[in-house]
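See below for final-v3.cif, which holds mmCIF, N, CA and C atoms.
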data_model
#
loop_
_atom_site.label_atom_id
_atom_site.label_comp_id
_atom_site.auth_asym_id
_atom_site.auth_seq_id
_atom_site.Cartn_x
_atom_site.Cartn_y
_atom_site.Cartn_z
N MET F 14 9.16 -25.21 -32.78
CA MET F 14 9.55 -25.26 -31.40
C MET F 14 9.11 -26.60 -30.84
N SER F 15 9.97 -27.22 -30.04
CA SER F 15 9.65 -28.53 -29.48
C SER F 15 8.59 -28.40 -28.40
N LEU F 16 7.94 -29.50 -28.11
CA LEU F 16 6.90 -29.54 -27.09
C LEU F 16 7.48 -29.16 -25.72
N ARG F 17 8.69 -29.63 -25.42
CA ARG F 17 9.33 -29.32 -24.15
C ARG F 17 9.60 -27.81 -24.05
N ARG F 18 10.10 -27.23 -25.13
CA ARG F 18 10.41 -25.79 -25.13
C ARG F 18 9.11 -24.98 -24.99
N CYS F 19 8.04 -25.38 -25.65
CA CYS F 19 6.74 -24.70 -25.53
C CYS F 19 6.25 -24.75 -24.09
N ALA F 20 6.37 -25.91 -23.45
CA ALA F 20 5.94 -26.05 -22.06
C ALA F 20 6.76 -25.15 -21.15
N PHE F 21 8.08 -25.05 -21.40
CA PHE F 21 8.95 -24.21 -20.59
C PHE F 21 8.55 -22.73 -20.74
N VAL F 22 8.35 -22.28 -21.97
CA VAL F 22 7.99 -20.88 -22.22
C VAL F 22 6.65 -20.56 -21.57
N LEU F 23 5.68 -21.46 -21.69
CA LEU F 23 4.37 -21.25 -21.09
C LEU F 23 4.48 -21.19 -19.57
N THR F 24 5.22 -22.10 -18.96
CA THR F 24 5.40 -22.12 -17.51
C THR F 24 6.11 -20.87 -17.02
N ALA F 25 7.17 -20.45 -17.73
CA ALA F 25 7.89 -19.24 -17.35
C ALA F 25 6.99 -18.02 -17.42
N GLY F 26 6.15 -17.95 -18.43
CA GLY F 26 5.21 -16.84 -18.56
C GLY F 26 4.22 -16.79 -17.41
N LEU F 27 3.70 -17.95 -17.00
CA LEU F 27 2.76 -18.00 -15.89
C LEU F 27 3.43 -17.60 -14.58
N VAL F 28 4.67 -18.04 -14.37
CA VAL F 28 5.40 -17.68 -13.15
C VAL F 28 5.63 -16.17 -13.11
N LEU F 29 6.06 -15.58 -14.22
CA LEU F 29 6.30 -14.15 -14.26
C LEU F 29 5.01 -13.36 -14.06
N ALA F 30 3.92 -13.83 -14.62
CA ALA F 30 2.63 -13.15 -14.44
C ALA F 30 2.22 -13.16 -12.97
N GLY F 31 2.49 -14.25 -12.27
CA GLY F 31 2.16 -14.36 -10.85
C GLY F 31 3.03 -13.49 -9.97
N CYS F 32 4.20 -13.09 -10.45
CA CYS F 32 5.12 -12.26 -9.67
C CYS F 32 4.96 -10.79 -9.95
N GLY F 33 4.00 -10.43 -10.76
CA GLY F 33 3.82 -9.03 -11.14
C GLY F 33 3.51 -8.16 -9.95
N GLY F 34 3.78 -6.88 -10.08
CA GLY F 34 3.55 -5.92 -9.00
C GLY F 34 2.16 -5.32 -9.06
N GLY F 35 1.14 -6.13 -9.31
CA GLY F 35 -0.21 -5.62 -9.37
C GLY F 35 -0.65 -5.03 -8.05
N SER F 36 -1.67 -4.16 -8.08
CA SER F 36 -2.10 -3.46 -6.88
C SER F 36 -2.67 -4.40 -5.82
N GLY F 37 -3.06 -5.64 -6.20
CA GLY F 37 -3.58 -6.57 -5.22
C GLY F 37 -2.55 -6.95 -4.17
N SER F 38 -1.28 -6.90 -4.51
CA SER F 38 -0.24 -7.25 -3.56
C SER F 38 0.50 -6.02 -3.04
N ALA F 39 0.17 -4.85 -3.54
CA ALA F 39 0.83 -3.61 -3.12
C ALA F 39 0.37 -3.21 -1.72
N LYS F 40 1.21 -2.46 -1.05
CA LYS F 40 0.87 -1.94 0.27
C LYS F 40 -0.19 -0.85 0.13
N PRO F 41 -1.24 -0.88 0.96
CA PRO F 41 -2.24 0.18 0.90
C PRO F 41 -1.64 1.53 1.26
N GLU F 42 -2.13 2.58 0.63
CA GLU F 42 -1.74 3.95 0.93
C GLU F 42 -3.02 4.77 1.07
N VAL F 43 -3.59 4.77 2.29
CA VAL F 43 -4.88 5.43 2.51
C VAL F 43 -4.70 6.88 2.94
N LYS F 44 -5.61 7.71 2.42
CA LYS F 44 -5.68 9.12 2.79
C LYS F 44 -7.15 9.44 3.02
N VAL F 45 -7.40 10.35 3.95
CA VAL F 45 -8.77 10.72 4.28
C VAL F 45 -8.99 12.19 3.90
N SER F 46 -10.13 12.45 3.28
CA SER F 46 -10.46 13.82 2.89
C SER F 46 -11.95 14.06 3.12
N GLY F 47 -12.33 15.32 3.07
CA GLY F 47 -13.74 15.69 3.13
C GLY F 47 -14.45 15.34 4.43
N ALA F 48 -13.71 15.12 5.52
CA ALA F 48 -14.34 14.73 6.78
C ALA F 48 -15.14 15.89 7.36
N TYR F 49 -16.34 15.59 7.86
CA TYR F 49 -17.13 16.58 8.58
C TYR F 49 -18.23 15.90 9.38
N MET F 50 -18.71 16.63 10.39
CA MET F 50 -19.84 16.20 11.20
C MET F 50 -20.86 17.33 11.18
N PRO F 51 -22.10 17.06 10.77
CA PRO F 51 -23.13 18.09 10.92
C PRO F 51 -23.36 18.34 12.41
N ALA F 52 -23.49 19.59 12.81
CA ALA F 52 -23.74 19.91 14.22
C ALA F 52 -24.97 19.14 14.70
N PRO F 53 -24.82 18.32 15.74
CA PRO F 53 -25.95 17.50 16.19
C PRO F 53 -26.95 18.32 17.00
N PRO F 54 -28.23 17.97 16.92
CA PRO F 54 -29.25 18.70 17.69
C PRO F 54 -29.19 18.38 19.19
N THR F 55 -28.64 17.21 19.55
CA THR F 55 -28.54 16.81 20.96
C THR F 55 -27.13 16.28 21.22
N ALA F 56 -26.83 16.01 22.47
CA ALA F 56 -25.52 15.48 22.84
C ALA F 56 -25.51 13.96 22.84
N ASP F 57 -26.59 13.34 22.39
CA ASP F 57 -26.67 11.88 22.42
C ASP F 57 -26.12 11.21 21.17
N LEU F 58 -26.33 11.82 20.01
CA LEU F 58 -26.06 11.14 18.75
C LEU F 58 -25.63 12.14 17.68
N ALA F 59 -24.64 11.74 16.87
CA ALA F 59 -24.19 12.58 15.75
C ALA F 59 -23.76 11.67 14.62
N ALA F 60 -23.74 12.22 13.42
CA ALA F 60 -23.29 11.49 12.24
C ALA F 60 -21.95 12.05 11.78
N GLY F 61 -21.21 11.26 11.02
CA GLY F 61 -19.96 11.72 10.46
C GLY F 61 -19.76 11.18 9.06
N TYR F 62 -19.10 11.99 8.24
CA TYR F 62 -18.89 11.63 6.84
C TYR F 62 -17.45 11.92 6.44
N LEU F 63 -16.94 11.15 5.48
CA LEU F 63 -15.57 11.32 5.00
C LEU F 63 -15.36 10.44 3.78
N VAL F 64 -14.21 10.63 3.14
CA VAL F 64 -13.84 9.81 1.99
C VAL F 64 -12.45 9.24 2.24
N VAL F 65 -12.32 7.92 2.10
CA VAL F 65 -11.03 7.24 2.20
C VAL F 65 -10.58 6.92 0.78
N THR F 66 -9.40 7.41 0.41
CA THR F 66 -8.83 7.13 -0.91
C THR F 66 -7.61 6.26 -0.72
N ASP F 67 -7.53 5.19 -1.49
CA ASP F 67 -6.42 4.25 -1.39
C ASP F 67 -5.67 4.23 -2.73
N SER F 68 -4.41 4.63 -2.70
CA SER F 68 -3.62 4.63 -3.93
C SER F 68 -2.67 3.44 -3.98
N GLY F 69 -2.99 2.40 -3.23
CA GLY F 69 -2.17 1.18 -3.21
C GLY F 69 -3.06 -0.04 -3.20
N GLY F 70 -2.61 -1.06 -2.48
CA GLY F 70 -3.36 -2.31 -2.39
C GLY F 70 -4.57 -2.19 -1.49
N ALA F 71 -5.46 -3.15 -1.57
CA ALA F 71 -6.71 -3.15 -0.81
C ALA F 71 -6.45 -3.17 0.70
N ASP F 72 -7.40 -2.63 1.44
CA ASP F 72 -7.34 -2.61 2.90
C ASP F 72 -8.76 -2.77 3.41
N THR F 73 -8.90 -2.80 4.73
CA THR F 73 -10.21 -2.91 5.35
C THR F 73 -10.29 -1.95 6.53
N LEU F 74 -11.34 -1.14 6.56
CA LEU F 74 -11.61 -0.29 7.71
C LEU F 74 -12.32 -1.17 8.72
N THR F 75 -11.66 -1.42 9.86
CA THR F 75 -12.20 -2.38 10.83
C THR F 75 -12.96 -1.73 11.98
N SER F 76 -12.65 -0.47 12.30
CA SER F 76 -13.38 0.21 13.37
C SER F 76 -13.01 1.69 13.36
N VAL F 77 -13.81 2.45 14.12
CA VAL F 77 -13.59 3.88 14.28
C VAL F 77 -13.78 4.20 15.76
N THR F 78 -12.89 5.02 16.32
CA THR F 78 -13.01 5.44 17.71
C THR F 78 -12.86 6.94 17.82
N SER F 79 -13.37 7.49 18.92
CA SER F 79 -13.24 8.92 19.19
C SER F 79 -13.34 9.12 20.70
N ALA F 80 -12.48 9.98 21.23
CA ALA F 80 -12.56 10.33 22.65
C ALA F 80 -13.82 11.12 22.95
N ASP F 81 -14.46 11.66 21.91
CA ASP F 81 -15.66 12.47 22.08
C ASP F 81 -16.95 11.66 22.10
N ALA F 82 -16.85 10.33 21.93
CA ALA F 82 -18.05 9.49 21.95
C ALA F 82 -17.72 8.15 22.58
N LYS F 83 -18.67 7.63 23.34
CA LYS F 83 -18.46 6.32 23.96
C LYS F 83 -18.32 5.25 22.88
N THR F 84 -19.12 5.38 21.83
CA THR F 84 -19.12 4.40 20.75
C THR F 84 -19.22 5.11 19.40
N VAL F 85 -18.46 4.62 18.42
CA VAL F 85 -18.62 5.08 17.04
C VAL F 85 -18.87 3.82 16.22
N THR F 86 -20.02 3.78 15.55
CA THR F 86 -20.37 2.62 14.73
C THR F 86 -20.39 3.03 13.26
N MET F 87 -20.21 2.03 12.40
CA MET F 87 -20.22 2.25 10.95
C MET F 87 -21.50 1.65 10.39
N HIS F 88 -22.13 2.38 9.48
CA HIS F 88 -23.40 1.94 8.92
C HIS F 88 -23.41 2.08 7.40
N SER F 89 -24.13 1.17 6.77
CA SER F 89 -24.43 1.30 5.34
C SER F 89 -25.92 1.58 5.22
N THR F 90 -26.30 2.22 4.14
CA THR F 90 -27.71 2.46 3.86
C THR F 90 -27.97 2.01 2.44
N LYS F 91 -28.84 1.03 2.31
CA LYS F 91 -29.20 0.50 0.99
C LYS F 91 -30.71 0.39 0.93
N GLY F 92 -31.29 0.95 -0.12
CA GLY F 92 -32.74 0.90 -0.28
C GLY F 92 -33.47 1.54 0.88
N GLY F 93 -32.86 2.56 1.49
CA GLY F 93 -33.49 3.27 2.60
C GLY F 93 -33.36 2.55 3.94
N GLU F 94 -32.66 1.42 3.95
CA GLU F 94 -32.51 0.65 5.19
C GLU F 94 -31.08 0.75 5.71
N MET F 95 -30.94 1.18 6.96
CA MET F 95 -29.64 1.35 7.59
C MET F 95 -29.24 0.05 8.29
N THR F 96 -27.98 -0.38 8.06
CA THR F 96 -27.45 -1.59 8.66
C THR F 96 -26.10 -1.30 9.29
N GLU F 97 -25.91 -1.71 10.55
CA GLU F 97 -24.61 -1.55 11.18
C GLU F 97 -23.64 -2.56 10.58
N GLU F 98 -22.44 -2.09 10.26
CA GLU F 98 -21.42 -2.94 9.64
C GLU F 98 -20.24 -3.09 10.59
N THR F 99 -19.56 -4.24 10.54
CA THR F 99 -18.38 -4.46 11.38
C THR F 99 -17.10 -4.02 10.68
N SER F 100 -17.17 -3.89 9.36
CA SER F 100 -16.00 -3.43 8.59
C SER F 100 -16.46 -2.99 7.21
N PHE F 101 -15.55 -2.26 6.54
CA PHE F 101 -15.79 -1.84 5.16
C PHE F 101 -14.53 -2.10 4.36
N ALA F 102 -14.68 -2.70 3.19
CA ALA F 102 -13.54 -2.91 2.30
C ALA F 102 -13.14 -1.58 1.68
N VAL F 103 -11.83 -1.37 1.59
CA VAL F 103 -11.29 -0.21 0.89
C VAL F 103 -10.60 -0.78 -0.34
N PRO F 104 -11.17 -0.58 -1.53
CA PRO F 104 -10.62 -1.22 -2.72
C PRO F 104 -9.24 -0.69 -3.10
N ALA F 105 -8.43 -1.55 -3.68
CA ALA F 105 -7.12 -1.14 -4.19
C ALA F 105 -7.33 -0.04 -5.23
N ASP F 106 -6.53 1.00 -5.14
CA ASP F 106 -6.63 2.13 -6.08
C ASP F 106 -8.06 2.63 -6.22
N GLY F 107 -8.77 2.70 -5.09
CA GLY F 107 -10.17 3.12 -5.12
C GLY F 107 -10.54 3.97 -3.93
N THR F 108 -11.84 4.16 -3.74
CA THR F 108 -12.33 4.98 -2.64
C THR F 108 -13.43 4.28 -1.87
N LEU F 109 -13.54 4.66 -0.62
CA LEU F 109 -14.64 4.26 0.26
C LEU F 109 -15.26 5.57 0.72
N THR F 110 -16.53 5.77 0.42
CA THR F 110 -17.19 7.04 0.71
C THR F 110 -18.23 6.88 1.80
N PHE F 111 -18.17 7.79 2.77
CA PHE F 111 -19.19 7.92 3.81
C PHE F 111 -19.87 9.25 3.55
N ALA F 112 -21.14 9.23 3.09
CA ALA F 112 -21.85 10.45 2.71
C ALA F 112 -23.30 10.36 3.15
N SER F 113 -23.93 11.50 3.30
CA SER F 113 -25.33 11.56 3.69
C SER F 113 -26.18 10.71 2.75
N GLY F 114 -27.01 9.84 3.33
CA GLY F 114 -27.86 8.96 2.54
C GLY F 114 -27.21 7.65 2.17
N GLY F 115 -25.94 7.46 2.54
CA GLY F 115 -25.22 6.22 2.23
C GLY F 115 -24.46 5.73 3.44
N ASN F 116 -23.26 5.23 3.23
CA ASN F 116 -22.42 4.82 4.34
C ASN F 116 -22.20 6.03 5.25
N HIS F 117 -22.17 5.80 6.56
CA HIS F 117 -21.94 6.90 7.49
C HIS F 117 -21.45 6.37 8.83
N LEU F 118 -20.92 7.28 9.63
CA LEU F 118 -20.49 6.96 10.99
C LEU F 118 -21.55 7.49 11.94
N MET F 119 -21.78 6.75 13.04
CA MET F 119 -22.70 7.21 14.08
C MET F 119 -21.92 7.32 15.38
N PHE F 120 -21.91 8.52 15.95
CA PHE F 120 -21.27 8.80 17.23
C PHE F 120 -22.36 8.71 18.30
N GLU F 121 -22.22 7.77 19.20
CA GLU F 121 -23.25 7.53 20.21
C GLU F 121 -22.72 7.87 21.60
N ASN F 122 -23.62 8.40 22.47
CA ASN F 122 -23.27 8.80 23.83
C ASN F 122 -22.08 9.76 23.82
N LEU F 123 -22.27 10.90 23.18
CA LEU F 123 -21.24 11.91 23.07
C LEU F 123 -20.82 12.43 24.45
N ALA F 124 -19.54 12.69 24.61
CA ALA F 124 -19.03 13.25 25.86
C ALA F 124 -19.47 14.70 26.02
N ARG F 125 -19.71 15.36 24.90
CA ARG F 125 -20.18 16.75 24.87
C ARG F 125 -20.89 16.96 23.54
N LYS F 126 -21.70 17.99 23.48
CA LYS F 126 -22.38 18.31 22.22
C LYS F 126 -21.45 19.18 21.39
N PRO F 127 -20.89 18.65 20.29
CA PRO F 127 -19.98 19.44 19.46
C PRO F 127 -20.72 20.60 18.79
N ALA F 128 -20.10 21.77 18.84
CA ALA F 128 -20.71 22.96 18.24
C ALA F 128 -20.06 23.27 16.90
N GLN F 129 -20.82 23.91 16.05
CA GLN F 129 -20.32 24.32 14.74
C GLN F 129 -19.04 25.13 14.92
N GLY F 130 -18.02 24.81 14.12
CA GLY F 130 -16.73 25.48 14.20
C GLY F 130 -15.70 24.72 15.02
N GLU F 131 -16.14 23.77 15.83
CA GLU F 131 -15.21 22.93 16.60
C GLU F 131 -14.76 21.75 15.75
N ASN F 132 -13.82 20.98 16.28
CA ASN F 132 -13.37 19.74 15.64
C ASN F 132 -13.60 18.57 16.56
N VAL F 133 -13.87 17.42 15.97
CA VAL F 133 -13.98 16.16 16.69
C VAL F 133 -12.85 15.26 16.20
N SER F 134 -12.03 14.77 17.12
CA SER F 134 -10.92 13.88 16.76
C SER F 134 -11.44 12.46 16.59
N VAL F 135 -11.01 11.84 15.50
CA VAL F 135 -11.45 10.50 15.15
C VAL F 135 -10.23 9.66 14.79
N GLU F 136 -10.26 8.40 15.16
CA GLU F 136 -9.22 7.45 14.75
C GLU F 136 -9.86 6.35 13.91
N LEU F 137 -9.38 6.21 12.69
CA LEU F 137 -9.83 5.16 11.79
C LEU F 137 -8.83 4.02 11.89
N HIS F 138 -9.32 2.81 12.14
CA HIS F 138 -8.45 1.66 12.32
C HIS F 138 -8.57 0.74 11.09
N PHE F 139 -7.44 0.55 10.40
CA PHE F 139 -7.39 -0.27 9.20
C PHE F 139 -6.63 -1.55 9.47
N ALA F 140 -7.01 -2.62 8.79
CA ALA F 140 -6.37 -3.92 8.97
C ALA F 140 -4.89 -3.88 8.61
N LYS F 141 -4.53 -3.19 7.54
CA LYS F 141 -3.14 -3.16 7.07
C LYS F 141 -2.45 -1.83 7.33
N SER F 142 -3.17 -0.74 7.23
CA SER F 142 -2.58 0.59 7.33
C SER F 142 -2.45 1.09 8.77
N GLY F 143 -3.04 0.36 9.71
CA GLY F 143 -2.98 0.80 11.10
C GLY F 143 -3.99 1.91 11.37
N THR F 144 -3.64 2.79 12.30
CA THR F 144 -4.54 3.86 12.72
C THR F 144 -4.23 5.17 12.00
N VAL F 145 -5.29 5.79 11.49
CA VAL F 145 -5.18 7.10 10.84
C VAL F 145 -6.02 8.08 11.66
N LYS F 146 -5.38 9.14 12.15
CA LYS F 146 -6.07 10.15 12.94
C LYS F 146 -6.60 11.24 12.03
N VAL F 147 -7.83 11.67 12.31
CA VAL F 147 -8.52 12.66 11.48
C VAL F 147 -9.19 13.69 12.39
N GLU F 148 -9.07 14.95 12.03
CA GLU F 148 -9.83 16.02 12.69
C GLU F 148 -11.07 16.26 11.84
N MET F 149 -12.23 16.06 12.43
CA MET F 149 -13.50 16.19 11.72
C MET F 149 -14.15 17.52 12.12
N PRO F 150 -14.14 18.51 11.23
CA PRO F 150 -14.77 19.79 11.58
C PRO F 150 -16.29 19.64 11.70
N VAL F 151 -16.85 20.36 12.68
CA VAL F 151 -18.30 20.37 12.87
C VAL F 151 -18.86 21.49 12.02
N LYS F 152 -19.75 21.13 11.12
CA LYS F 152 -20.35 22.08 10.18
C LYS F 152 -21.81 22.35 10.58
N SER F 153 -22.47 23.23 9.85
CA SER F 153 -23.88 23.51 10.12
C SER F 153 -24.68 22.23 9.91
N PRO F 154 -25.84 22.12 10.57
CA PRO F 154 -26.65 20.90 10.42
C PRO F 154 -27.09 20.63 8.98
N THR F 155 -27.14 21.68 8.15
CA THR F 155 -27.58 21.52 6.76
C THR F 155 -26.43 21.59 5.76
N TYR F 156 -25.20 21.47 6.25
CA TYR F 156 -24.01 21.58 5.38
C TYR F 156 -24.08 20.62 4.20
N ASN F 157 -23.71 21.12 3.02
CA ASN F 157 -23.67 20.31 1.81
C ASN F 157 -22.24 20.39 1.27
N PRO F 158 -21.49 19.26 1.28
CA PRO F 158 -20.10 19.31 0.81
C PRO F 158 -19.96 19.68 -0.66
N LYS F 159 -20.99 19.47 -1.45
CA LYS F 159 -20.90 19.80 -2.87
C LYS F 159 -20.90 21.32 -3.10
N THR F 160 -21.60 22.05 -2.23
CA THR F 160 -21.65 23.50 -2.38
C THR F 160 -20.78 24.23 -1.37
N GLY F 161 -20.37 23.50 -0.31
CA GLY F 161 -19.57 24.13 0.74
C GLY F 161 -20.41 24.97 1.71
N HIS F 162 -21.73 24.84 1.63
CA HIS F 162 -22.63 25.60 2.51
C HIS F 162 -23.59 24.68 3.25
#

Can you present the structure in this file as structure tokens?
Amino acid sequence: MSLRRCAFVLTAGLVLAGCGGGSGSAKPEVKVSGAYMPAPPTADLAAGYLVVTDSGGADTLTSVTSADAKTVTMHSTKGGEMTEETSFAVPADGTLTFASGGNHLMFENLARKPAQGENVSVELHFAKSGTVKVEMPVKSPTYNPKTGH
């Protein structure tokens, strides 16, 4: 094969590889599951947990709002230290988990004290996917999603 033909084949291969439909360029497809709020002891502060699953390209959770709280903040917990975050990456074909002892939502200045059995409406705002509305059931203060109790 001539040098020119080798260069052409190599260049064509690189161009085709760059045009592939890999998940990095795919549209995000986010779904939320396992959402819950442990019944808070006071009307001032509550936590929230959920799992975001993305079966497409990467996205970013940029904020969370709720009519039931003046402010909803996002936090990470690493090495026992809680840090407020401005956003969370949602990996392509992956999950973002908010669970007790790890990433979590904090509902501050609640409009009312949510009781066990009620729902709290939440809006998750994503950079690419837009707004996803979620009903977060209020569970017992000691609820464990692994056992359902």

Would you translate the PyMOL selection byres (((chain F and resi 70 and name CA) around 8) and name CA) into the concrete set of residues it matches in this file, as an MDAnalysis selection string?
-> chainID F and resid 36:42 67:69 71:72 104:106

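With all atoms listed in the file as the atoms that count, the minimum distance from Met149 (chain F) to the choices F:Tyr49, F:Phe101, F:Phe120, F:Tyr62 is reached by F:Tyr49.
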
Provide the atom N of Val133 (chain F) to atom N of Val147 (chain F) distance in Å, to one decimal place.
-> 9.1 Å

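Evaluated against the shown file, the PyMOL selection byres ((chain F and resi 135) around 7) gives Val77, Thr78, Ser79, Ala80, Val133, Ser134, Glu136, Leu137, Val145, Lys146, Val147, Glu148 and Met149 of chain F.
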
The PyMOL selection byres ((chain F and resi 46) around 6) on the file shown: which residues, as a list in words?
->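 Applied to this file, the PyMOL selection byres ((chain F and resi 46) around 6) selects Lys44, Val45, Gly47, Ala48, Leu63, Val64, Val65 and Thr66 of chain F.
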
Mind pulling up the distance from CA of Thr73 (chain F) to CA of His138 (chain F)?
->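 The value is 8.5 Å.
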
How many Å separate atom C of Ser142 (chain F) from atom N of Ala60 (chain F)?
->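 These atoms are spaced 24.5 Å apart.
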